file my_file-v4.pdb (PDB, C-alpha atoms)
ATOM      1  CA  MET A  29      15.129  15.815  13.839  1.00  0.00           C
ATOM      2  CA  ILE A  30      12.755  15.470  10.895  1.00  0.00           C
ATOM      3  CA  VAL A  31       9.262  14.016  11.321  1.00  0.00           C
ATOM      4  CA  VAL A  32       7.490  12.616   8.265  1.00  0.00           C
ATOM      5  CA  ILE A  33       3.759  11.902   8.567  1.00  0.00           C
ATOM      6  CA  GLY A  34       1.890   9.731   6.070  1.00  0.00           C
ATOM      7  CA  SER A  35       0.685   6.332   4.888  1.00  0.00           C
ATOM      8  CA  LEU A  36       3.085   3.395   4.827  1.00  0.00           C
ATOM      9  CA  SER A  37       2.823  -0.058   3.330  1.00  0.00           C
ATOM     10  CA  LEU A  38       5.000  -3.147   3.022  1.00  0.00           C
ATOM     11  CA  ARG A  39       6.312  -4.382  -0.319  1.00  0.00           C
ATOM     12  CA  GLY A  40       7.593  -7.934  -0.573  1.00  0.00           C
ATOM     13  CA  SER A  41       8.099 -10.432   2.218  1.00  0.00           C
ATOM     14  CA  GLY A  42      10.852 -12.023   4.230  1.00  0.00           C
ATOM     15  CA  PRO A  43      14.239 -10.389   4.832  1.00  0.00           C
ATOM     16  CA  GLY A  44      14.030  -8.461   1.546  1.00  0.00           C
ATOM     17  CA  ALA A  45      10.763  -6.671   2.374  1.00  0.00           C
ATOM     18  CA  VAL A  46      10.851  -2.883   2.083  1.00  0.00           C
ATOM     19  CA  VAL A  47       8.648   0.006   3.187  1.00  0.00           C
ATOM     20  CA  ASP A  48       6.590   1.597   0.424  1.00  0.00           C
ATOM     21  CA  GLY A  49       4.751   4.878   0.015  1.00  0.00           C
ATOM     22  CA  LEU A  50       5.630   8.513  -0.643  1.00  0.00           C
ATOM     23  CA  ALA A  51       6.187   9.274   3.058  1.00  0.00           C
ATOM     24  CA  ALA A  52       8.691   6.423   3.316  1.00  0.00           C
ATOM     25  CA  GLY A  53      10.431   7.636   0.168  1.00  0.00           C
ATOM     26  CA  ILE A  54      10.853  11.108   1.639  1.00  0.00           C
ATOM     27  CA  ALA A  55      12.134   9.746   4.959  1.00  0.00           C
ATOM     28  CA  ARG A  56      14.616   7.543   3.124  1.00  0.00           C
ATOM     29  CA  GLU A  57      16.103  10.604   1.442  1.00  0.00           C
ATOM     30  CA  CYS A  58      16.835  12.487   4.689  1.00  0.00           C
ATOM     31  CA  ALA A  59      20.382  11.177   4.491  1.00  0.00           C
ATOM     32  CA  GLY A  60      22.490  11.647   7.596  1.00  0.00           C
ATOM     33  CA  THR A  61      19.757  13.469   9.517  1.00  0.00           C
ATOM     34  CA  PRO A  62      17.728  11.851  12.325  1.00  0.00           C
ATOM     35  CA  VAL A  63      14.243  11.128  10.972  1.00  0.00           C
ATOM     36  CA  GLN A  64      11.111   9.630  12.491  1.00  0.00           C
ATOM     37  CA  VAL A  65       7.995   8.527  10.624  1.00  0.00           C
ATOM     38  CA  VAL A  66       4.473   8.819  11.994  1.00  0.00           C
ATOM     39  CA  GLY A  67       1.918   6.454  10.529  1.00  0.00           C
ATOM     40  CA  LYS A  68      -0.457   3.658  11.490  1.00  0.00           C
ATOM     41  CA  ILE A  69      -0.024  -0.010  10.662  1.00  0.00           C
ATOM     42  CA  GLY A  70      -1.739  -3.192  11.695  1.00  0.00           C
ATOM     43  CA  ASP A  71      -0.904  -5.093  14.857  1.00  0.00           C
ATOM     44  CA  ASP A  72       0.053  -8.107  12.773  1.00  0.00           C
ATOM     45  CA  PRO A  73       3.133  -9.943  11.440  1.00  0.00           C
ATOM     46  CA  GLU A  74       3.200  -7.675   8.379  1.00  0.00           C
ATOM     47  CA  GLY A  75       3.335  -4.658  10.678  1.00  0.00           C
ATOM     48  CA  ASP A  76       6.235  -6.248  12.551  1.00  0.00           C
ATOM     49  CA  ALA A  77       8.024  -6.786   9.231  1.00  0.00           C
ATOM     50  CA  LEU A  78       7.393  -3.163   8.248  1.00  0.00           C
ATOM     51  CA  LEU A  79       9.022  -1.928  11.462  1.00  0.00           C
ATOM     52  CA  VAL A  80      12.024  -4.150  10.817  1.00  0.00           C
ATOM     53  CA  ALA A  81      12.277  -2.747   7.287  1.00  0.00           C
ATOM     54  CA  LEU A  82      12.168   0.814   8.657  1.00  0.00           C
ATOM     55  CA  ALA A  83      14.978   0.017  11.079  1.00  0.00           C
ATOM     56  CA  ARG A  84      17.004  -1.559   8.268  1.00  0.00           C
ATOM     57  CA  ALA A  85      16.597   1.638   6.244  1.00  0.00           C
ATOM     58  CA  GLY A  86      17.750   3.792   9.169  1.00  0.00           C
ATOM     59  CA  ILE A  87      14.309   5.378   9.644  1.00  0.00           C
ATOM     60  CA  GLY A  88      13.085   5.900  13.197  1.00  0.00           C
ATOM     61  CA  HIS A  89       9.664   4.563  14.143  1.00  0.00           C
ATOM     62  CA  ALA A  90       9.309   5.435  17.830  1.00  0.00           C
ATOM     63  CA  ALA A  91       5.922   7.081  17.188  1.00  0.00           C
ATOM     64  CA  MET A  92       4.409   4.527  14.800  1.00  0.00           C
ATOM     65  CA  LEU A  93       0.947   3.425  15.895  1.00  0.00           C
ATOM     66  CA  ARG A  94      -0.586  -0.062  15.686  1.00  0.00           C
ATOM     67  CA  ASP A  95      -4.210  -0.765  14.779  1.00  0.00           C
ATOM     68  CA  PRO A  96      -5.644  -3.952  16.323  1.00  0.00           C
ATOM     69  CA  VAL A  97      -8.505  -4.097  13.790  1.00  0.00           C
ATOM     70  CA  ARG A  98      -7.203  -3.152  10.343  1.00  0.00           C
ATOM     71  CA  ARG A  99      -4.320  -5.018   8.765  1.00  0.00           C
ATOM     72  CA  THR A 100      -1.073  -3.596   7.456  1.00  0.00           C
ATOM     73  CA  VAL A 101      -1.263  -2.868   3.734  1.00  0.00           C
ATOM     74  CA  VAL A 102       0.962  -5.179   1.705  1.00  0.00           C
ATOM     75  CA  VAL A 103       1.798  -4.257  -1.884  1.00  0.00           C
ATOM     76  CA  ARG A 104       2.223  -7.494  -3.780  1.00  0.00           C
ATOM     77  CA  LYS A 105       5.230  -7.483  -6.064  1.00  0.00           C
ATOM     78  CA  PRO A 106       7.783 -10.261  -6.560  1.00  0.00           C
ATOM     79  CA  LEU A 107      11.116  -9.376  -4.997  1.00  0.00           C
ATOM     80  CA  ASP A 108      12.911  -9.969  -8.284  1.00  0.00           C
ATOM     81  CA  GLU A 109      10.927  -7.025  -9.692  1.00  0.00           C
ATOM     82  CA  VAL A 110      12.121  -4.635  -6.978  1.00  0.00           C
ATOM     83  CA  ASP A 111      15.005  -2.391  -8.001  1.00  0.00           C
ATOM     84  CA  VAL A 112      18.162  -2.855  -5.956  1.00  0.00           C
ATOM     85  CA  VAL A 113      20.659  -0.125  -5.092  1.00  0.00           C
ATOM     86  CA  GLY A 114      23.760  -1.542  -3.428  1.00  0.00           C
ATOM     87  CA  ASP A 115      22.609  -4.224  -1.008  1.00  0.00           C
ATOM     88  CA  GLU A 116      19.228  -2.660  -0.291  1.00  0.00           C
ATOM     89  CA  PRO A 117      16.092  -3.114  -2.410  1.00  0.00           C
ATOM     90  CA  THR A 118      14.471   0.176  -3.356  1.00  0.00           C
ATOM     91  CA  PRO A 119      10.670  -0.004  -3.748  1.00  0.00           C
ATOM     92  CA  SER A 120       8.666   1.781  -6.364  1.00  0.00           C
ATOM     93  CA  THR A 121       5.805   3.686  -4.795  1.00  0.00           C
ATOM     94  CA  ALA A 122       2.355   2.096  -4.760  1.00  0.00           C
ATOM     95  CA  PRO A 123       0.134   3.490  -7.525  1.00  0.00           C
ATOM     96  CA  VAL A 124      -2.546   4.631  -5.081  1.00  0.00           C
ATOM     97  CA  GLU A 125      -2.608   5.761  -1.462  1.00  0.00           C
ATOM     98  CA  PRO A 126      -2.427   2.511   0.557  1.00  0.00           C
ATOM     99  CA  ALA A 127      -4.917   3.232   3.348  1.00  0.00           C
ATOM    100  CA  GLU A 128      -7.513   4.628   0.953  1.00  0.00           C
ATOM    101  CA  ALA A 129      -7.176   1.877  -1.604  1.00  0.00           C
ATOM    102  CA  ASP A 130      -6.973  -1.258   0.519  1.00  0.00           C
ATOM    103  CA  GLY A 131      -8.763  -0.435   3.765  1.00  0.00           C
ATOM    104  CA  GLY A 132      -5.575  -0.296   5.818  1.00  0.00           C
ATOM    105  CA  PRO A 133      -5.175   1.577   9.096  1.00  0.00           C
ATOM    106  CA  VAL A 134      -6.090   5.257   8.847  1.00  0.00           C
ATOM    107  CA  LEU A 135      -4.093   7.898  10.685  1.00  0.00           C
ATOM    108  CA  GLU A 136      -6.307  10.267  12.670  1.00  0.00           C
ATOM    109  CA  ALA A 137      -5.655  13.756  14.015  1.00  0.00           C
ATOM    110  CA  ALA A 138      -5.570  12.457  17.596  1.00  0.00           C
ATOM    111  CA  ASP A 139      -2.864   9.961  16.582  1.00  0.00           C
ATOM    112  CA  VAL A 140      -0.740  12.749  15.138  1.00  0.00           C
ATOM    113  CA  ARG A 141      -1.285  14.948  18.206  1.00  0.00           C
ATOM    114  CA  LEU A 142       0.006  12.151  20.453  1.00  0.00           C
ATOM    115  CA  ALA A 143       2.967  11.393  18.194  1.00  0.00           C
ATOM    116  CA  LEU A 144       4.072  15.015  17.929  1.00  0.00           C
ATOM    117  CA  GLN A 145       3.912  15.404  21.702  1.00  0.00           C
ATOM    118  CA  TYR A 146       6.377  12.527  21.885  1.00  0.00           C
ATOM    119  CA  LEU A 147       8.569  13.954  19.104  1.00  0.00           C
ATOM    120  CA  ALA A 148       8.666  17.452  20.536  1.00  0.00           C
ATOM    121  CA  ASP A 149      12.188  18.269  19.325  1.00  0.00           C
ATOM    122  CA  ALA A 150      11.285  18.196  15.624  1.00  0.00           C
ATOM    123  CA  ARG A 151      13.018  20.816  13.482  1.00  0.00           C
ATOM    124  CA  VAL A 152      11.062  19.977  10.317  1.00  0.00           C
ATOM    125  CA  ILE A 153       7.627  18.331  10.032  1.00  0.00           C
ATOM    126  CA  VAL A 154       6.629  16.903   6.651  1.00  0.00           C
ATOM    127  CA  ALA A 155       2.932  16.001   6.277  1.00  0.00           C
ATOM    128  CA  VAL A 156       2.136  13.894   3.199  1.00  0.00           C
ATOM    129  CA  HIS A 157      -1.399  14.039   1.764  1.00  0.00           C
ATOM    130  CA  ALA A 158      -2.726  14.889   5.216  1.00  0.00           C
ATOM    131  CA  SER A 159      -6.272  15.828   6.144  1.00  0.00           C
ATOM    132  CA  THR A 160      -7.190  19.338   7.271  1.00  0.00           C
ATOM    133  CA  GLN A 161      -7.466  18.064  10.850  1.00  0.00           C
ATOM    134  CA  ILE A 162      -3.994  16.522  10.777  1.00  0.00           C
ATOM    135  CA  LEU A 163      -2.517  19.696   9.300  1.00  0.00           C
ATOM    136  CA  GLY A 164      -4.098  21.600  12.169  1.00  0.00           C
ATOM    137  CA  GLU A 165      -2.250  19.404  14.660  1.00  0.00           C
ATOM    138  CA  VAL A 166       0.966  19.801  12.679  1.00  0.00           C
ATOM    139  CA  THR A 167       0.609  23.588  12.725  1.00  0.00           C
ATOM    140  CA  LYS A 168       0.051  23.684  16.487  1.00  0.00           C
ATOM    141  CA  ALA A 169       3.018  21.406  17.168  1.00  0.00           C
ATOM    142  CA  ALA A 170       5.252  23.362  14.800  1.00  0.00           C
ATOM    143  CA  SER A 171       4.365  26.626  16.535  1.00  0.00           C
ATOM    144  CA  TRP A 172       5.319  25.210  19.915  1.00  0.00           C
ATOM    145  CA  ALA A 173       8.540  23.562  18.678  1.00  0.00           C
ATOM    146  CA  GLU A 174       9.456  26.364  16.237  1.00  0.00           C
ATOM    147  CA  ALA A 175       9.610  23.729  13.494  1.00  0.00           C
ATOM    148  CA  HIS A 176       9.407  24.278   9.751  1.00  0.00           C
ATOM    149  CA  VAL A 177       6.365  22.721   8.034  1.00  0.00           C
ATOM    150  CA  VAL A 178       6.319  21.035   4.638  1.00  0.00           C
ATOM    151  CA  ALA A 179       2.828  20.110   3.412  1.00  0.00           C
ATOM    152  CA  VAL A 180       2.831  17.689   0.481  1.00  0.00           C
ATOM    153  CA  VAL A 181      -0.507  17.902  -1.334  1.00  0.00           C
ATOM    154  CA  ARG A 182      -1.932  16.018  -4.278  1.00  0.00           C
ATOM    155  CA  PRO A 183      -1.545  17.717  -7.665  1.00  0.00           C
ATOM    156  CA  GLY A 184      -4.501  20.028  -8.259  1.00  0.00           C
ATOM    157  CA  ASP A 185      -5.393  20.396  -4.578  1.00  0.00           C
ATOM    158  CA  ALA A 186      -5.799  23.895  -3.164  1.00  0.00           C
ATOM    159  CA  THR A 187      -3.227  25.281  -0.741  1.00  0.00           C
ATOM    160  CA  PRO A 188      -4.377  24.278   2.768  1.00  0.00           C
ATOM    161  CA  ASP A 189      -5.583  27.072   5.028  1.00  0.00           C
ATOM    162  CA  GLY A 190      -4.061  27.874   8.399  1.00  0.00           C
ATOM    163  CA  LEU A 191      -0.485  26.771   7.777  1.00  0.00           C
ATOM    164  CA  PRO A 192       2.425  28.823   9.142  1.00  0.00           C
ATOM    165  CA  GLY A 193       3.434  31.703   6.908  1.00  0.00           C
ATOM    166  CA  ASP A 194       6.807  30.139   6.101  1.00  0.00           C
ATOM    167  CA  ALA A 195       5.433  26.654   5.367  1.00  0.00           C
ATOM    168  CA  LEU A 196       6.405  25.025   2.077  1.00  0.00           C
ATOM    169  CA  VAL A 197       3.481  23.565   0.148  1.00  0.00           C
ATOM    170  CA  ILE A 198       4.492  21.255  -2.675  1.00  0.00           C
ATOM    171  CA  ALA A 199       2.424  19.025  -4.969  1.00  0.00           C
ATOM    172  CA  ALA A 200       3.451  15.402  -5.423  1.00  0.00           C
ATOM    173  CA  ALA A 201       1.534  12.384  -6.654  1.00  0.00           C
ATOM    174  CA  VAL A 202       1.722   9.008  -4.975  1.00  0.00           C
ATOM    175  CA  ASP A 203       3.722   7.498  -7.847  1.00  0.00           C
ATOM    176  CA  ASP A 204       6.476  10.125  -7.434  1.00  0.00           C
ATOM    177  CA  ALA A 205       7.119  10.109 -11.165  1.00  0.00           C
ATOM    178  CA  GLU A 206       9.348  13.183 -11.021  1.00  0.00           C
ATOM    179  CA  GLY A 207      11.485  12.029  -8.100  1.00  0.00           C
ATOM    180  CA  VAL A 208       9.891  14.563  -5.782  1.00  0.00           C
ATOM    181  CA  ALA A 209      10.495  12.387  -2.704  1.00  0.00           C
ATOM    182  CA  SER A 210      14.237  12.733  -3.142  1.00  0.00           C
ATOM    183  CA  ARG A 211      14.077  16.514  -3.425  1.00  0.00           C
ATOM    184  CA  ILE A 212      11.727  16.956  -0.482  1.00  0.00           C
ATOM    185  CA  GLY A 213      13.895  14.711   1.689  1.00  0.00           C
ATOM    186  CA  GLN A 214      17.031  16.631   0.769  1.00  0.00           C
ATOM    187  CA  TYR A 215      15.274  19.948   1.422  1.00  0.00           C
ATOM    188  CA  ALA A 216      14.037  18.795   4.835  1.00  0.00           C
ATOM    189  CA  ALA A 217      17.503  17.549   5.767  1.00  0.00           C
ATOM    190  CA  ALA A 218      19.083  20.864   4.769  1.00  0.00           C
ATOM    191  CA  VAL A 219      16.616  22.919   6.838  1.00  0.00           C
ATOM    192  CA  ALA A 220      16.988  20.561   9.815  1.00  0.00           C
ATOM    193  CA  ARG A 221      20.751  21.094   9.663  1.00  0.00           C
ATOM    194  CA  GLY A 222      20.188  24.854   9.918  1.00  0.00           C
ATOM    195  CA  ASP A 223      20.318  25.927   6.274  1.00  0.00           C
ATOM    196  CA  ASP A 224      18.214  28.893   5.210  1.00  0.00           C
ATOM    197  CA  ALA A 225      14.853  27.620   3.931  1.00  0.00           C
ATOM    198  CA  VAL A 226      14.843  29.977   0.934  1.00  0.00           C
ATOM    199  CA  ALA A 227      18.284  28.822  -0.167  1.00  0.00           C
ATOM    200  CA  ALA A 228      17.332  25.190   0.393  1.00  0.00           C
ATOM    201  CA  TYR A 229      14.199  25.668  -1.709  1.00  0.00           C
ATOM    202  CA  ALA A 230      16.247  27.229  -4.500  1.00  0.00           C
ATOM    203  CA  ARG A 231      18.380  24.099  -4.574  1.00  0.00           C
ATOM    204  CA  LEU A 232      15.234  21.955  -4.441  1.00  0.00           C
ATOM    205  CA  THR A 233      13.863  23.572  -7.604  1.00  0.00           C
ATOM    206  CA  GLU A 234      17.093  23.669  -9.601  1.00  0.00           C
ATOM    207  CA  PRO A 235      16.700  21.686 -12.822  1.00  0.00           C
ATOM    208  CA  GLU A 236      18.667  18.466 -12.841  1.00  0.00           C
ATOM    209  CA  THR A 237      21.637  18.412 -15.188  1.00  0.00           C
ATOM    210  CA  GLY A 238      23.427  15.646 -16.959  1.00  0.00           C
TER     211      GLY A 238
END

call {"tool": "encode", "arguments": {"input": "my_file-v4.pdb", "output": "structure tokens"}}
result
Amino acid sequence: MIVVIGSLSLRGSGPGAVVDGLAAGIARECAGTPVQVVGKIGDDPEGDALLVALARAGIGHAAMLRDPVRRTVVVRKPLDEVDVVGDEPTPSTAPVEPAEADGGPVLEAADVRLALQYLADARVIVAVHASTQILGEVTKAASWAEAHVVAVVRPGDATPDGLPGDALVIAAAVDDAEGVASRIGQYAAAVARGDDAVAAYARLTEPETG
């Protein structure tokens, strides 16, 4: 199982609403591999819609947390402006981190500790733009579960201290302009299936052709 930790928001409304954010984009790309997201959303109708959208996308949400005070972040964009692949709308990532920009629910280290205790069979843990405290919880859980850690940092940020020696640290902006979410998701899926991490990383960094 893959666990992806990060901020999530809802784009659109009604049956066509989709989950937005870099963490959701990475989880969406873990094709064919069980994946759970860990985040915090409001205890409101928008939060309910976000959970439905996760289920529709095949993304597990057993460890999602609800905040009774702060509301779920909704990215306003008409549905006719959302790209569609097949029958499913594919959101573009919000231009800024949802919780920081709009006062949405904020994931805390204690939340992540609780979630990772529940998701103890993780093979890969991906932490997206996580605080030092959250990365500390990820490192402890990964050590216990013998899971591989992927820390996604903002471009220009220093490499976080205290991560496992084999952790992958990769820079990606919120707007995912280079399609990094797809590559990280594919890498995580490969490692979760048992592929060698070095070989999977080599594929991750291969230049795209065609």

call {"tool": "resolve_selection", "arguments": {"input": "my_file-v4.pdb", "expression": "the PyMOL selection byres ((chain A and resi 89) around 6)", "output": "PyMOL selection string"}}
result
chain A and resi 64-65+88+90-92

call {"tool": "closest_residue", "arguments": {"input": "my_file-v4.pdb", "among": "A:Val178, A:Ala173, A:Ile54, A:Ile162", "to": "A:Gln145", "atoms": "all atoms listed in the file"}}
result
A:Ala173

call {"tool": "residues_around", "arguments": {"input": "my_file-v4.pdb", "residues": "A:Gly86", "least_positions_apart": "2", "cutoff": "10 Å", "atoms": "all atoms listed in the file", "output": "number ranges by chain"}}
result
A: 55-56, 58-64, 80-84, 88-89

call {"tool": "atom_distance", "arguments": {"input": "my_file-v4.pdb", "atom1": "atom CA of A:Glu74", "atom2": "atom CA of A:Pro96"}}
result
12.5 Å

call {"tool": "closest_residue", "arguments": {"input": "my_file-v4.pdb", "among": "A:Val180, A:Thr100, A:Gly164, A:Asp48", "to": "A:Gly213", "atoms": "only C-alpha atoms"}}
result
A:Val180

call {"tool": "closest_residue", "arguments": {"input": "my_file-v4.pdb", "among": "A:His176, A:Ala199, A:Leu191, A:Val166", "to": "A:Ala217", "atoms": "only C-alpha atoms"}}
result
A:His176

call {"tool": "resolve_selection", "arguments": {"input": "my_file-v4.pdb", "expression": "the PyMOL selection byres ((chain A and resi 77) around 9)", "output": "list in words"}}
result
Leu38, Ser41, Gly42, Pro43, Ala45, Val46, Asp72, Pro73, Glu74, Gly75, Asp76, Leu78, Leu79, Val80, Ala81 and Leu82 of chain A

call {"tool": "closest_residue", "arguments": {"input": "my_file-v4.pdb", "among": "A:Ser159, A:Ala216, A:Arg151, A:Asp194", "to": "A:Glu174", "atoms": "all atoms listed in the file"}}
result
A:Arg151

call {"tool": "atom_distance", "arguments": {"input": "my_file-v4.pdb", "atom1": "atom CA of A:Glu165", "atom2": "atom CA of A:Pro188"}}
result
13.0 Å

call {"tool": "resolve_selection", "arguments": {"input": "my_file-v4.pdb", "expression": "the PyMOL selection byres ((chain A and resi 136-141) around 6)", "output": "list of chain:residue names"}}
result
A:Leu135, A:Leu142, A:Ala143, A:Leu144, A:Gln161, A:Ile162, A:Glu165

call {"tool": "atom_distance", "arguments": {"input": "my_file-v4.pdb", "atom1": "atom CA of A:Ala209", "atom2": "atom CA of A:Ala51"}}
result
7.8 Å

call {"tool": "residues_around", "arguments": {"input": "my_file-v4.pdb", "residues": "A:Val97", "least_positions_apart": "5", "cutoff": "12 Å", "atoms": "only C-alpha atoms", "output": "ChimeraX atom specification"}}
result
/A:68-72,131-134

call {"tool": "closest_residue", "arguments": {"input": "my_file-v4.pdb", "among": "A:Arg98, A:Val181, A:Val152, A:Ala201", "to": "A:Gly222", "atoms": "only C-alpha atoms"}}
result
A:Val152

call {"tool": "closest_residue", "arguments": {"input": "my_file-v4.pdb", "among": "A:Gly53, A:Gly40, A:Pro183, A:Gly207", "to": "A:Leu232", "atoms": "all atoms listed in the file"}}
result
A:Gly207

call {"tool": "axis_aligned_box", "arguments": {"input": "my_file-v4.pdb", "around": "stretch 213-221 of chain A", "padding_each_side": "4 Å", "output": "AutoDock Vina command-line options"}}
result
--center_x 17.3 --center_y 18.8 --center_z 5.3 --size_x 14.9 --size_y 16.2 --size_z 17.0

call {"tool": "residues_around", "arguments": {"input": "my_file-v4.pdb", "residues": "A:Trp172", "least_positions_apart": "5", "cutoff": "10 Å", "atoms": "only C-alpha atoms", "output": "MDAnalysis selection string"}}
result
chainID A and resid 148:149 167

call {"tool": "residues_around", "arguments": {"input": "my_file-v4.pdb", "residues": "A:Thr233", "least_positions_apart": "4", "cutoff": "12 Å", "atoms": "all atoms listed in the file", "output": "VMD selection string"}}
result
chain A and resid 198 206 to 208 210 to 212 214 to 215 226 to 229
